[in-house]
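Asker: Enclosed is the structure file structure-v5.pdb (PDB, C-alpha atoms).
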```pdb
MODEL        1
ATOM      1  CA  MET G   1      21.726  -8.080  27.139
ATOM      2  CA  LEU G   2      19.120 -10.735  26.380
ATOM      3  CA  PHE G   3      21.097 -12.096  23.403
ATOM      4  CA  THR G   4      24.650 -12.638  22.158
ATOM      5  CA  LEU G   5      26.415 -10.263  19.767
ATOM      6  CA  THR G   6      29.253 -11.288  17.446
ATOM      7  CA  PRO G   7      31.022  -8.522  15.455
ATOM      8  CA  LEU G   8      30.820  -8.846  11.685
ATOM      9  CA  SER G   9      33.741  -6.526  10.955
ATOM     10  CA  ASP G  10      36.233  -4.283  12.739
ATOM     11  CA  LEU G  11      34.227  -1.255  11.628
ATOM     12  CA  LEU G  12      30.521  -1.943  12.119
ATOM     13  CA  GLY G  13      27.928  -4.699  12.105
ATOM     14  CA  ALA G  14      27.089  -7.460  14.593
ATOM     15  CA  GLU G  15      25.300 -10.790  14.377
ATOM     16  CA  VAL G  16      22.548 -11.342  16.951
ATOM     17  CA  SER G  17      22.069 -14.854  18.374
ATOM     18  CA  GLY G  18      19.180 -16.035  20.521
ATOM     19  CA  VAL G  19      16.234 -14.017  19.159
ATOM     20  CA  ASP G  20      13.227 -15.485  17.332
ATOM     21  CA  CYS G  21      11.839 -12.617  15.265
ATOM     22  CA  ARG G  22       8.500 -14.362  14.685
ATOM     23  CA  THR G  23       7.471 -12.946  18.074
ATOM     24  CA  PRO G  24       7.499  -9.160  18.585
ATOM     25  CA  PRO G  25       9.969  -8.193  21.341
ATOM     26  CA  ASP G  26       8.844  -7.134  24.794
ATOM     27  CA  ALA G  27      10.032  -3.782  26.149
ATOM     28  CA  ALA G  28      13.294  -5.119  27.601
ATOM     29  CA  LEU G  29      14.306  -6.986  24.449
ATOM     30  CA  GLN G  30      13.273  -4.067  22.259
ATOM     31  CA  ALA G  31      15.489  -1.719  24.295
ATOM     32  CA  ASP G  32      18.462  -4.095  24.019
ATOM     33  CA  ILE G  33      18.019  -4.406  20.242
ATOM     34  CA  VAL G  34      17.901  -0.623  19.857
ATOM     35  CA  ALA G  35      21.042  -0.273  21.998
ATOM     36  CA  ALA G  36      22.840  -2.838  19.819
ATOM     37  CA  LEU G  37      21.696  -1.036  16.686
ATOM     38  CA  HIS G  38      22.974   2.313  17.953
ATOM     39  CA  GLU G  39      26.314   0.773  18.881
ATOM     40  CA  HIS G  40      26.937  -1.390  15.797
ATOM     41  CA  GLN G  41      24.857   0.459  13.149
ATOM     42  CA  VAL G  42      23.941  -2.833  11.390
ATOM     43  CA  ILE G  43      22.643  -5.945  13.160
ATOM     44  CA  VAL G  44      21.838  -9.312  11.583
ATOM     45  CA  PHE G  45      19.415 -11.951  12.834
ATOM     46  CA  ARG G  46      20.290 -15.235  11.087
ATOM     47  CA  ASP G  47      18.007 -18.100  10.017
ATOM     48  CA  GLN G  48      14.720 -16.240  10.414
ATOM     49  CA  THR G  49      11.632 -17.679   8.711
ATOM     50  CA  LEU G  50       9.131 -14.819   8.675
ATOM     51  CA  SER G  51       5.849 -14.259   6.921
ATOM     52  CA  PRO G  52       5.162 -10.708   5.738
ATOM     53  CA  ASN G  53       2.793 -10.232   8.683
ATOM     54  CA  GLU G  54       5.443 -11.439  11.139
ATOM     55  CA  LEU G  55       8.017  -9.049   9.680
ATOM     56  CA  ILE G  56       5.533  -6.185   9.938
ATOM     57  CA  ALA G  57       4.664  -7.073  13.551
ATOM     58  CA  PHE G  58       8.319  -7.386  14.587
ATOM     59  CA  SER G  59       9.373  -4.101  13.015
ATOM     60  CA  GLU G  60       6.279  -2.241  14.280
ATOM     61  CA  ALA G  61       7.526  -2.900  17.823
ATOM     62  CA  PHE G  62      10.149  -0.208  17.114
ATOM     63  CA  GLY G  63       7.761   2.462  15.868
ATOM     64  CA  PRO G  64       5.233   3.277  13.152
ATOM     65  CA  LEU G  65       6.082   2.019   9.679
ATOM     66  CA  GLU G  66       6.691   4.485   6.893
ATOM     67  CA  ILE G  67       4.785   4.464   3.628
ATOM     68  CA  HIS G  68       6.863   4.048   0.475
ATOM     69  CA  VAL G  69       6.892   6.968  -1.932
ATOM     70  CA  ASN G  70       8.015   4.832  -4.883
ATOM     71  CA  GLN G  71       4.858   2.954  -5.797
ATOM     72  CA  ALA G  72       5.622   2.919  -9.535
ATOM     73  CA  ASP G  73       8.179   0.105  -9.762
ATOM     74  CA  GLY G  74       6.306  -2.901  -8.354
ATOM     75  CA  GLY G  75       6.502  -4.756  -5.054
ATOM     76  CA  TYR G  76       4.107  -2.504  -3.122
ATOM     77  CA  ASP G  77       0.963  -4.507  -2.368
ATOM     78  CA  ARG G  78       0.700  -2.701   0.993
ATOM     79  CA  PRO G  79       1.770   0.896   1.651
ATOM     80  CA  ASN G  80       4.102  -0.040   4.552
ATOM     81  CA  PHE G  81       5.549  -3.286   3.147
ATOM     82  CA  HIS G  82       7.897  -3.532   0.182
ATOM     83  CA  THR G  83       9.007  -6.565  -1.793
ATOM     84  CA  VAL G  84      12.534  -5.903  -3.113
ATOM     85  CA  THR G  85      12.564  -8.226  -6.071
ATOM     86  CA  ASN G  86      13.551  -8.846  -9.659
ATOM     87  CA  LEU G  87      10.659 -11.316 -10.052
ATOM     88  CA  ASP G  88       7.202 -10.845 -11.502
ATOM     89  CA  LYS G  89       3.978 -11.999  -9.795
ATOM     90  CA  ASP G  90       4.451 -15.485 -11.281
ATOM     91  CA  GLY G  91       7.990 -15.814  -9.920
ATOM     92  CA  ASN G  92       9.783 -15.253 -13.230
ATOM     93  CA  ILE G  93      12.769 -12.911 -13.592
ATOM     94  CA  LEU G  94      11.598  -9.577 -14.953
ATOM     95  CA  PRO G  95      12.968  -8.387 -18.313
ATOM     96  CA  PRO G  96      14.835  -5.083 -18.598
ATOM     97  CA  PRO G  97      12.503  -2.063 -18.337
ATOM     98  CA  GLU G  98      11.675   0.155 -21.270
ATOM     99  CA  ALA G  99      14.087   3.004 -21.940
ATOM    100  CA  GLY G 100      13.393   5.917 -19.625
ATOM    101  CA  ARG G 101      11.569   3.739 -17.075
ATOM    102  CA  GLU G 102      14.618   2.507 -15.146
ATOM    103  CA  TYR G 103      14.867   2.884 -11.380
ATOM    104  CA  ASN G 104      18.510   2.921 -10.261
ATOM    105  CA  GLY G 105      18.126   4.309  -6.737
ATOM    106  CA  THR G 106      19.050   1.127  -4.864
ATOM    107  CA  SER G 107      22.461   1.056  -6.555
ATOM    108  CA  THR G 108      23.401   4.525  -5.283
ATOM    109  CA  TRP G 109      24.487   5.512  -1.763
ATOM    110  CA  HIS G 110      21.485   6.771   0.210
ATOM    111  CA  SER G 111      19.869   6.968   3.640
ATOM    112  CA  ASP G 112      16.301   5.653   3.533
ATOM    113  CA  LYS G 113      13.574   8.303   3.599
ATOM    114  CA  SER G 114      15.929  11.258   4.065
ATOM    115  CA  TYR G 115      13.564  13.112   1.694
ATOM    116  CA  MET G 116      10.784  12.920   4.329
ATOM    117  CA  PRO G 117      10.205  15.469   7.148
ATOM    118  CA  LEU G 118      10.668  12.623   9.676
ATOM    119  CA  PRO G 119      13.305  10.430   8.011
ATOM    120  CA  SER G 120      13.725   6.769   8.809
ATOM    121  CA  MET G 121      14.956   5.395  12.120
ATOM    122  CA  ALA G 122      15.689   1.880  10.836
ATOM    123  CA  THR G 123      15.172  -0.416   7.871
ATOM    124  CA  PHE G 124      14.350  -4.138   8.237
ATOM    125  CA  LEU G 125      15.274  -6.295   5.227
ATOM    126  CA  HIS G 126      14.583 -10.044   5.173
ATOM    127  CA  GLY G 127      16.305 -12.338   2.679
ATOM    128  CA  ILE G 128      13.905 -14.796   0.983
ATOM    129  CA  GLU G 129      15.957 -15.574  -2.157
ATOM    130  CA  VAL G 130      19.528 -14.287  -2.370
ATOM    131  CA  THR G 131      22.201 -14.171  -5.030
ATOM    132  CA  LYS G 132      25.218 -16.456  -5.225
ATOM    133  CA  GLU G 133      27.395 -13.750  -6.779
ATOM    134  CA  GLY G 134      27.121 -10.022  -6.066
ATOM    135  CA  GLY G 135      24.020  -8.376  -4.647
ATOM    136  CA  GLU G 136      25.638  -7.587  -1.294
ATOM    137  CA  THR G 137      24.242  -4.652   0.648
ATOM    138  CA  LEU G 138      27.061  -2.184   1.249
ATOM    139  CA  PHE G 139      26.969   0.096   4.290
ATOM    140  CA  ALA G 140      29.117   3.199   4.788
ATOM    141  CA  SER G 141      29.352   4.727   8.258
ATOM    142  CA  LEU G 142      28.626   8.457   8.179
ATOM    143  CA  THR G 143      29.575   8.572  11.859
ATOM    144  CA  HIS G 144      33.084   7.230  11.252
ATOM    145  CA  ALA G 145      33.438   9.488   8.207
ATOM    146  CA  TYR G 146      32.496  12.578  10.226
ATOM    147  CA  ALA G 147      34.996  11.632  12.940
ATOM    148  CA  ALA G 148      37.728  11.405  10.275
ATOM    149  CA  LEU G 149      37.203  15.001   9.110
ATOM    150  CA  ASP G 150      39.708  17.514  10.440
ATOM    151  CA  ASP G 151      38.498  20.174  12.854
ATOM    152  CA  SER G 152      38.556  22.990  10.273
ATOM    153  CA  GLU G 153      36.342  20.960   7.919
ATOM    154  CA  LYS G 154      33.902  20.172  10.732
ATOM    155  CA  ALA G 155      33.726  23.862  11.606
ATOM    156  CA  ARG G 156      33.169  24.832   7.956
ATOM    157  CA  LEU G 157      30.289  22.385   7.574
ATOM    158  CA  ASP G 158      28.668  23.067  10.954
ATOM    159  CA  GLY G 159      25.336  24.828  10.563
ATOM    160  CA  LEU G 160      24.893  24.054   6.863
ATOM    161  CA  LYS G 161      21.584  22.544   5.785
ATOM    162  CA  CYS G 162      20.844  20.153   2.914
ATOM    163  CA  VAL G 163      17.711  20.068   0.830
ATOM    164  CA  HIS G 164      16.616  16.444   0.245
ATOM    165  CA  HIS G 165      14.151  15.778  -2.578
ATOM    166  CA  TRP G 166      12.778  12.540  -4.056
ATOM    167  CA  ALA G 167      12.474  13.970  -7.569
ATOM    168  CA  GLN G 168      16.096  15.158  -7.543
ATOM    169  CA  SER G 169      17.172  11.769  -6.167
ATOM    170  CA  LEU G 170      15.709  10.153  -9.290
ATOM    171  CA  ARG G 171      17.633  12.607 -11.445
ATOM    172  CA  ASN G 172      20.818  12.013  -9.440
ATOM    173  CA  SER G 173      20.613   8.270 -10.129
ATOM    174  CA  GLY G 174      19.650   8.544 -13.800
ATOM    175  CA  SER G 175      16.246   7.013 -13.099
ATOM    176  CA  ARG G 176      12.781   7.614 -14.519
ATOM    177  CA  PRO G 177      11.112  10.967 -13.760
ATOM    178  CA  ALA G 178       9.089  11.359 -10.565
ATOM    179  CA  THR G 179       5.344  10.932 -10.936
ATOM    180  CA  GLU G 180       2.890  13.701 -10.035
ATOM    181  CA  GLU G 181       1.775  11.694  -7.000
ATOM    182  CA  GLU G 182       5.367  11.242  -5.826
ATOM    183  CA  GLU G 183       5.974  14.975  -6.202
ATOM    184  CA  ARG G 184       2.808  15.651  -4.175
ATOM    185  CA  ILE G 185       3.657  13.405  -1.211
ATOM    186  CA  SER G 186       7.410  14.098  -1.105
ATOM    187  CA  PRO G 187       8.172  17.786  -1.684
ATOM    188  CA  PRO G 188      11.668  19.094  -0.817
ATOM    189  CA  VAL G 189      12.638  19.005   2.874
ATOM    190  CA  THR G 190      15.643  20.409   4.711
ATOM    191  CA  HIS G 191      17.910  18.621   7.204
ATOM    192  CA  PRO G 192      21.236  19.532   8.829
ATOM    193  CA  LEU G 193      24.331  18.523   6.866
ATOM    194  CA  ILE G 194      25.843  17.455  10.198
ATOM    195  CA  ARG G 195      23.213  15.522  12.117
ATOM    196  CA  THR G 196      23.181  14.680  15.812
ATOM    197  CA  HIS G 197      21.896  11.128  16.243
ATOM    198  CA  PRO G 198      18.544  11.163  18.082
ATOM    199  CA  GLY G 199      19.358   7.959  19.981
ATOM    200  CA  ASN G 200      22.995   8.252  21.044
ATOM    201  CA  GLY G 201      23.998  11.891  20.527
ATOM    202  CA  ARG G 202      26.858  11.111  18.116
ATOM    203  CA  LYS G 203      27.425  13.423  15.169
ATOM    204  CA  SER G 204      27.576  12.267  11.583
ATOM    205  CA  LEU G 205      27.328  13.546   8.053
ATOM    206  CA  TYR G 206      23.761  13.350   6.758
ATOM    207  CA  ILE G 207      24.015  13.122   3.004
ATOM    208  CA  GLY G 208      23.407  10.663   0.162
ATOM    209  CA  ASN G 209      21.782  10.361  -3.226
ATOM    210  CA  HIS G 210      18.486  11.772  -1.913
ATOM    211  CA  ALA G 211      20.237  15.075  -1.096
ATOM    212  CA  SER G 212      19.645  17.754  -3.733
ATOM    213  CA  HIS G 213      21.781  20.736  -2.744
ATOM    214  CA  ILE G 214      22.963  22.876   0.156
ATOM    215  CA  GLU G 215      20.534  25.549   1.276
ATOM    216  CA  GLY G 216      21.696  29.073   0.406
ATOM    217  CA  MET G 217      24.318  27.876  -2.084
ATOM    218  CA  ASP G 218      24.184  27.787  -5.852
ATOM    219  CA  GLU G 219      22.426  24.458  -6.503
ATOM    220  CA  GLU G 220      25.101  22.968  -8.735
ATOM    221  CA  GLU G 221      27.914  24.089  -6.424
ATOM    222  CA  GLY G 222      26.037  22.721  -3.419
ATOM    223  CA  ARG G 223      25.378  19.420  -5.192
ATOM    224  CA  THR G 224      29.065  19.135  -6.065
ATOM    225  CA  GLU G 225      29.949  19.697  -2.408
ATOM    226  CA  ILE G 226      27.502  17.009  -1.246
ATOM    227  CA  PHE G 227      28.875  14.415  -3.631
ATOM    228  CA  ARG G 228      32.464  15.336  -2.772
ATOM    229  CA  LEU G 229      31.634  14.544   0.855
ATOM    230  CA  LEU G 230      29.790  11.383  -0.194
ATOM    231  CA  ASP G 231      32.871  10.185  -2.085
ATOM    232  CA  PHE G 232      34.899  10.753   1.086
ATOM    233  CA  ALA G 233      32.374   8.963   3.324
ATOM    234  CA  THR G 234      32.127   5.888   1.087
ATOM    235  CA  GLN G 235      35.814   5.037   0.951
ATOM    236  CA  ASP G 236      36.523   1.365   1.628
ATOM    237  CA  ARG G 237      37.783   2.189   5.132
ATOM    238  CA  PHE G 238      34.258   3.251   6.123
ATOM    239  CA  VAL G 239      32.365   0.409   4.370
ATOM    240  CA  TYR G 240      31.038  -3.000   5.450
ATOM    241  CA  GLY G 241      29.579  -5.283   2.780
ATOM    242  CA  HIS G 242      26.920  -7.763   3.901
ATOM    243  CA  LYS G 243      26.869 -11.024   1.953
ATOM    244  CA  TRP G 244      23.321 -12.337   2.189
ATOM    245  CA  ARG G 245      22.195 -15.747   3.397
ATOM    246  CA  VAL G 246      18.624 -16.996   3.089
ATOM    247  CA  GLY G 247      16.792 -16.126   6.311
ATOM    248  CA  ASP G 248      18.933 -13.106   7.215
ATOM    249  CA  LEU G 249      16.997 -10.259   8.781
ATOM    250  CA  VAL G 250      19.286  -7.254   8.450
ATOM    251  CA  VAL G 251      18.415  -4.110  10.400
ATOM    252  CA  TRP G 252      20.299  -0.865   9.944
ATOM    253  CA  ASP G 253      20.443   2.544  11.557
ATOM    254  CA  ASN G 254      19.581   5.093   8.879
ATOM    255  CA  PRO G 255      20.657   8.256  10.773
ATOM    256  CA  SER G 256      24.282   7.070  10.803
ATOM    257  CA  LEU G 257      24.672   5.222   7.484
ATOM    258  CA  VAL G 258      24.280   5.301   3.763
ATOM    259  CA  HIS G 259      23.834   2.024   1.905
ATOM    260  CA  LYS G 260      23.430   0.591  -1.586
ATOM    261  CA  SER G 261      23.121  -2.733  -3.389
ATOM    262  CA  ALA G 262      26.203  -4.140  -5.104
ATOM    263  CA  PRO G 263      25.777  -5.173  -8.760
ATOM    264  CA  TYR G 264      24.622  -8.679  -9.661
ATOM    265  CA  ALA G 265      23.290 -10.495 -12.742
ATOM    266  CA  LYS G 266      19.863  -8.916 -12.374
ATOM    267  CA  TYR G 267      18.338 -10.553 -15.456
ATOM    268  CA  GLU G 268      19.812 -13.975 -14.745
ATOM    269  CA  GLU G 269      19.884 -14.552 -10.981
ATOM    270  CA  ARG G 270      16.893 -14.412  -8.634
ATOM    271  CA  ARG G 271      16.797 -11.916  -5.744
ATOM    272  CA  HIS G 272      13.760 -11.499  -3.493
ATOM    273  CA  LEU G 273      13.662  -9.718  -0.113
ATOM    274  CA  HIS G 274      10.975  -8.230   2.157
ATOM    275  CA  ARG G 275      11.389  -4.726   3.585
ATOM    276  CA  THR G 276       9.817  -2.463   6.170
ATOM    277  CA  VAL G 277      10.998   0.963   7.311
ATOM    278  CA  VAL G 278      10.406   2.433  10.775
ATOM    279  CA  ARG G 279       9.748   6.161  10.864
ATOM    280  CA  GLY G 280      12.250   8.273  12.773
ATOM    281  CA  SER G 281      12.191  11.684  14.389
ATOM    282  CA  ALA G 282      12.984  15.258  13.427
ATOM    283  CA  THR G 283      16.602  16.004  12.571
ATOM    284  CA  PHE G 284      18.826  18.271  14.639
TER     285      PHE G 284
ENDMDL
END
```
Written as structure tokens, that's how I'd like the structure from this file.
Answerer:
Amino acid sequence: MLFTLTPLSDLLGAEVSGVDCRTPPDAALQADIVAALHEHQVIVFRDQTLSPNELIAFSEAFGPLEIHVNQADGGYDRPNFHTVTNLDKDGNILPPPEAGREYNGTSTWHSDKSYMPLPSMATFLHGIEVTKEGGETLFASLTHAYAALDDSEKARLDGLKCVHHWAQSLRNSGSRPATEEEERISPPVTHPLIRTHPGNGRKSLYIGNHASHIEGMDEEEGRTEIFRLLDFATQDRFVYGHKWRVGDLVVWDNPSLVHKSAPYAKYEERRHLHRTVVRGSATF
């Protein structure tokens, strides 16, 4: 490889040394980064000072960037670039939203863009201002969770399909209702409950807060089944928590993970990150 990898935990995650992300990777470096991502599921480039344009250029080397369906909660000056922030345009901490206007999706376990026909390959998140306490990004390996299922459970789940739906995701997380525009651009889609990774052929569960129900099942029964599996997959033994440093560029493999933000003092402590999401391929 063209860089050094240092494991971040016994389960998943690796720190990458020797890459300056201000310059988009050539083909050889890009291939090595993808291989590291498929092996470790989360990779971290430390001490990166990136402008929004540099982050976009670096992440675009891995594929086209996905638009963001949630345009209603701020931070979306460009359709393919998202500012994850609790700050207003003047840099002040935002007050609590009005009742019924909350968005709680980032604090629930999810795989980015699973409600799209071509769900995400990878998410790139760059730490500009980070919290001293809390605010970690927690990652749960759906690959390790699938491997831990017994053979009879794997056989029972094989062939089942999940409906993923942005509007139901908002309901699942107790968030505001979906807008008409969000409903228009993100209607329900169906993916396998057991997904074969498009890059390395490994099998994993493919579930999360964006999943609505299991196709062909009573919706409430199917939703209960999904969240039973999600509770199993997010046990501590399958989880790595990333404690942010300023300048971290964290990249994760959405087909094999769910993630969420840990709680922090949202109305007291500043948190500001830049995000892009690379579109993936069809599920199978």
Asker: When the PyMOL selection byres ((chain G and resi 206) around 8) is applied to the file above, which residues end up in the set, as a list in words?
Answerer: Leu142, His191, Pro192, Leu193, Ile194, Arg195, Ser204, Leu205, Ile207, Gly208, Pro255 and Ser256 of chain G
Asker: If the PyMOL selection byres ((chain G and resi 241-251) around 8) is run on the structure shown, which residues does it catch, given as a short mmCIF file (atom, residue, chain, number, x, y, z; two decimals) with C-alpha atoms, in the coordinates of the input?
Answerer:
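Output file part.cif follows:
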```cif
data_model
loop_
_atom_site.label_atom_id
_atom_site.label_comp_id
_atom_site.auth_asym_id
_atom_site.auth_seq_id
_atom_site.Cartn_x
_atom_site.Cartn_y
_atom_site.Cartn_z
CA LEU G 37 21.70 -1.04 16.69
CA VAL G 42 23.94 -2.83 11.39
CA ILE G 43 22.64 -5.94 13.16
CA VAL G 44 21.84 -9.31 11.58
CA PHE G 45 19.42 -11.95 12.83
CA ARG G 46 20.29 -15.24 11.09
CA ASP G 47 18.01 -18.10 10.02
CA GLN G 48 14.72 -16.24 10.41
CA THR G 49 11.63 -17.68 8.71
CA ALA G 122 15.69 1.88 10.84
CA THR G 123 15.17 -0.42 7.87
CA PHE G 124 14.35 -4.14 8.24
CA LEU G 125 15.27 -6.30 5.23
CA HIS G 126 14.58 -10.04 5.17
CA GLY G 127 16.30 -12.34 2.68
CA ILE G 128 13.90 -14.80 0.98
CA GLU G 129 15.96 -15.57 -2.16
CA VAL G 130 19.53 -14.29 -2.37
CA THR G 131 22.20 -14.17 -5.03
CA GLY G 135 24.02 -8.38 -4.65
CA GLU G 136 25.64 -7.59 -1.29
CA THR G 137 24.24 -4.65 0.65
CA LEU G 138 27.06 -2.18 1.25
CA PHE G 139 26.97 0.10 4.29
CA VAL G 239 32.36 0.41 4.37
CA TYR G 240 31.04 -3.00 5.45
CA TRP G 252 20.30 -0.86 9.94
CA ASP G 253 20.44 2.54 11.56
#
```
Asker: Out of G:Pro24, G:Asn92, G:Thr83, G:Phe238, which residue has the shortest atom-to-atom distance to G:Ser9 when counting only C-alpha atoms?
Answerer: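 Closest residue, counting only C-alpha atoms: G:Phe238.
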Asker: Assuming the chain letters and numbering stay as they are in my file, what does the PyMOL selection byres ((chain G and resi 80) around 12) actually select? List them as number ranges by chain.
Answerer: G: 52-53, 55-57, 59-60, 64-71, 75-79, 81-83, 123-124, 274-279
Asker: Keeping only C-alpha atoms, take the residues you just selected and write them out as a PDB file, keeping the file's coordinate frame.
Answerer:
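File produced: result_5.pdb:
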```pdb
ATOM      1  CA  PRO G  52       5.162 -10.708   5.738  1.00  0.00           C
ATOM      2  CA  ASN G  53       2.793 -10.232   8.683  1.00  0.00           C
ATOM      3  CA  LEU G  55       8.017  -9.049   9.680  1.00  0.00           C
ATOM      4  CA  ILE G  56       5.533  -6.185   9.938  1.00  0.00           C
ATOM      5  CA  ALA G  57       4.664  -7.073  13.551  1.00  0.00           C
ATOM      6  CA  SER G  59       9.373  -4.101  13.015  1.00  0.00           C
ATOM      7  CA  GLU G  60       6.279  -2.241  14.280  1.00  0.00           C
ATOM      8  CA  PRO G  64       5.233   3.277  13.152  1.00  0.00           C
ATOM      9  CA  LEU G  65       6.082   2.019   9.679  1.00  0.00           C
ATOM     10  CA  GLU G  66       6.691   4.485   6.893  1.00  0.00           C
ATOM     11  CA  ILE G  67       4.785   4.464   3.628  1.00  0.00           C
ATOM     12  CA  HIS G  68       6.863   4.048   0.475  1.00  0.00           C
ATOM     13  CA  VAL G  69       6.892   6.968  -1.932  1.00  0.00           C
ATOM     14  CA  ASN G  70       8.015   4.832  -4.883  1.00  0.00           C
ATOM     15  CA  GLN G  71       4.858   2.954  -5.797  1.00  0.00           C
ATOM     16  CA  GLY G  75       6.502  -4.756  -5.054  1.00  0.00           C
ATOM     17  CA  TYR G  76       4.107  -2.504  -3.122  1.00  0.00           C
ATOM     18  CA  ASP G  77       0.963  -4.507  -2.368  1.00  0.00           C
ATOM     19  CA  ARG G  78       0.700  -2.701   0.993  1.00  0.00           C
ATOM     20  CA  PRO G  79       1.770   0.896   1.651  1.00  0.00           C
ATOM     21  CA  PHE G  81       5.549  -3.286   3.147  1.00  0.00           C
ATOM     22  CA  HIS G  82       7.897  -3.532   0.182  1.00  0.00           C
ATOM     23  CA  THR G  83       9.007  -6.565  -1.793  1.00  0.00           C
ATOM     24  CA  THR G 123      15.172  -0.416   7.871  1.00  0.00           C
ATOM     25  CA  PHE G 124      14.350  -4.138   8.237  1.00  0.00           C
ATOM     26  CA  HIS G 274      10.975  -8.230   2.157  1.00  0.00           C
ATOM     27  CA  ARG G 275      11.389  -4.726   3.585  1.00  0.00           C
ATOM     28  CA  THR G 276       9.817  -2.463   6.170  1.00  0.00           C
ATOM     29  CA  VAL G 277      10.998   0.963   7.311  1.00  0.00           C
ATOM     30  CA  VAL G 278      10.406   2.433  10.775  1.00  0.00           C
ATOM     31  CA  ARG G 279       9.748   6.161  10.864  1.00  0.00           C
TER      32      ARG G 279
END
```
Asker: Residues within 10 Å of G:Glu102, please, as an mmCIF file with C-alpha atoms, keeping the file's coordinate frame. Count all atoms listed in the file; anything in the same chain fewer than 4 positions from it doesn't count.
Answerer:
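selection_1.cif was written with the following content:
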```
data_model
loop_
_atom_site.group_PDB
_atom_site.id
_atom_site.type_symbol
_atom_site.label_atom_id
_atom_site.label_comp_id
_atom_site.auth_asym_id
_atom_site.auth_seq_id
_atom_site.Cartn_x
_atom_site.Cartn_y
_atom_site.Cartn_z
ATOM 1 C CA ASP G 73 8.179 0.105 -9.762
ATOM 2 C CA PRO G 96 14.835 -5.083 -18.598
ATOM 3 C CA PRO G 97 12.503 -2.063 -18.337
ATOM 4 C CA GLU G 98 11.675 0.155 -21.270
ATOM 5 C CA LEU G 170 15.709 10.153 -9.290
ATOM 6 C CA SER G 173 20.613 8.270 -10.129
ATOM 7 C CA GLY G 174 19.650 8.544 -13.800
ATOM 8 C CA SER G 175 16.246 7.013 -13.099
ATOM 9 C CA ARG G 176 12.781 7.614 -14.519
ATOM 10 C CA PRO G 177 11.112 10.967 -13.760
#
```
Asker: Take atom CA of G:Gln30 and atom CA of G:Arg271 and report the distance between them in Å, one decimal.
Answerer: 29.3 Å
Asker: Let me make sure I understand: among G:Glu221, G:Thr179, G:Tyr146, G:Cys162, which one has the smallest atom-to-atom distance to G:Arg202 if we use all atoms listed in the file?
Answerer: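 With all atoms listed in the file as the atom set, the closest residue is G:Tyr146.
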Asker: Can you tell me, as a list of chain:residue names, what residues are no more than 10 Å from G:Leu11 when counting all atoms listed in the file, ignoring any on the same chain fewer than 3 positions away?
Answerer: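 Close residues of G:Leu11: G:Pro7, G:Leu8, G:Ala14, G:His40, G:Gln41, G:Ala140, G:Ser141, G:His144, G:Arg237, G:Phe238, G:Val239, G:Tyr240.
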Asker: Hey, can you check how far atom CA of G:Asp32 sits from atom CA of G:Gly199?
Answerer: 12.7 Å
Asker: Take atom CA of G:Gly134 and atom CA of G:Ala265 and report the distance between them in Å, one decimal.
Answerer: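 Distance reported for this atom pair: 7.7 Å.
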Asker: Under the rule that only C-alpha atoms are counted, which of G:Val84, G:Ile185, G:Leu2, G:Leu149 is the nearest residue to G:Ser261?
Answerer: G:Val84
Asker: So which one's closest to G:Arg223, G:Val163, G:Ala282, G:Val34, G:Leu257? Using all atoms listed in the file, please.
Answerer: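 Nearest candidate to G:Arg223 out of G:Val163, G:Ala282, G:Val34, G:Leu257: G:Val163.
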Asker: Which of these, G:Phe284, G:Trp166, G:Tyr103, G:Trp109, has the shortest distance to G:Val258 once you count all atoms listed in the file?
Answerer: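 Of G:Phe284, G:Trp166, G:Tyr103, G:Trp109, the one nearest G:Val258 is G:Trp109, counting all atoms listed in the file.
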Asker: Of the residues G:Ala178, G:Leu87, G:Glu225, G:Leu50, which is the one nearest to G:Arg101, using all atoms listed in the file?
Answerer: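 Nearest to G:Arg101: G:Ala178.
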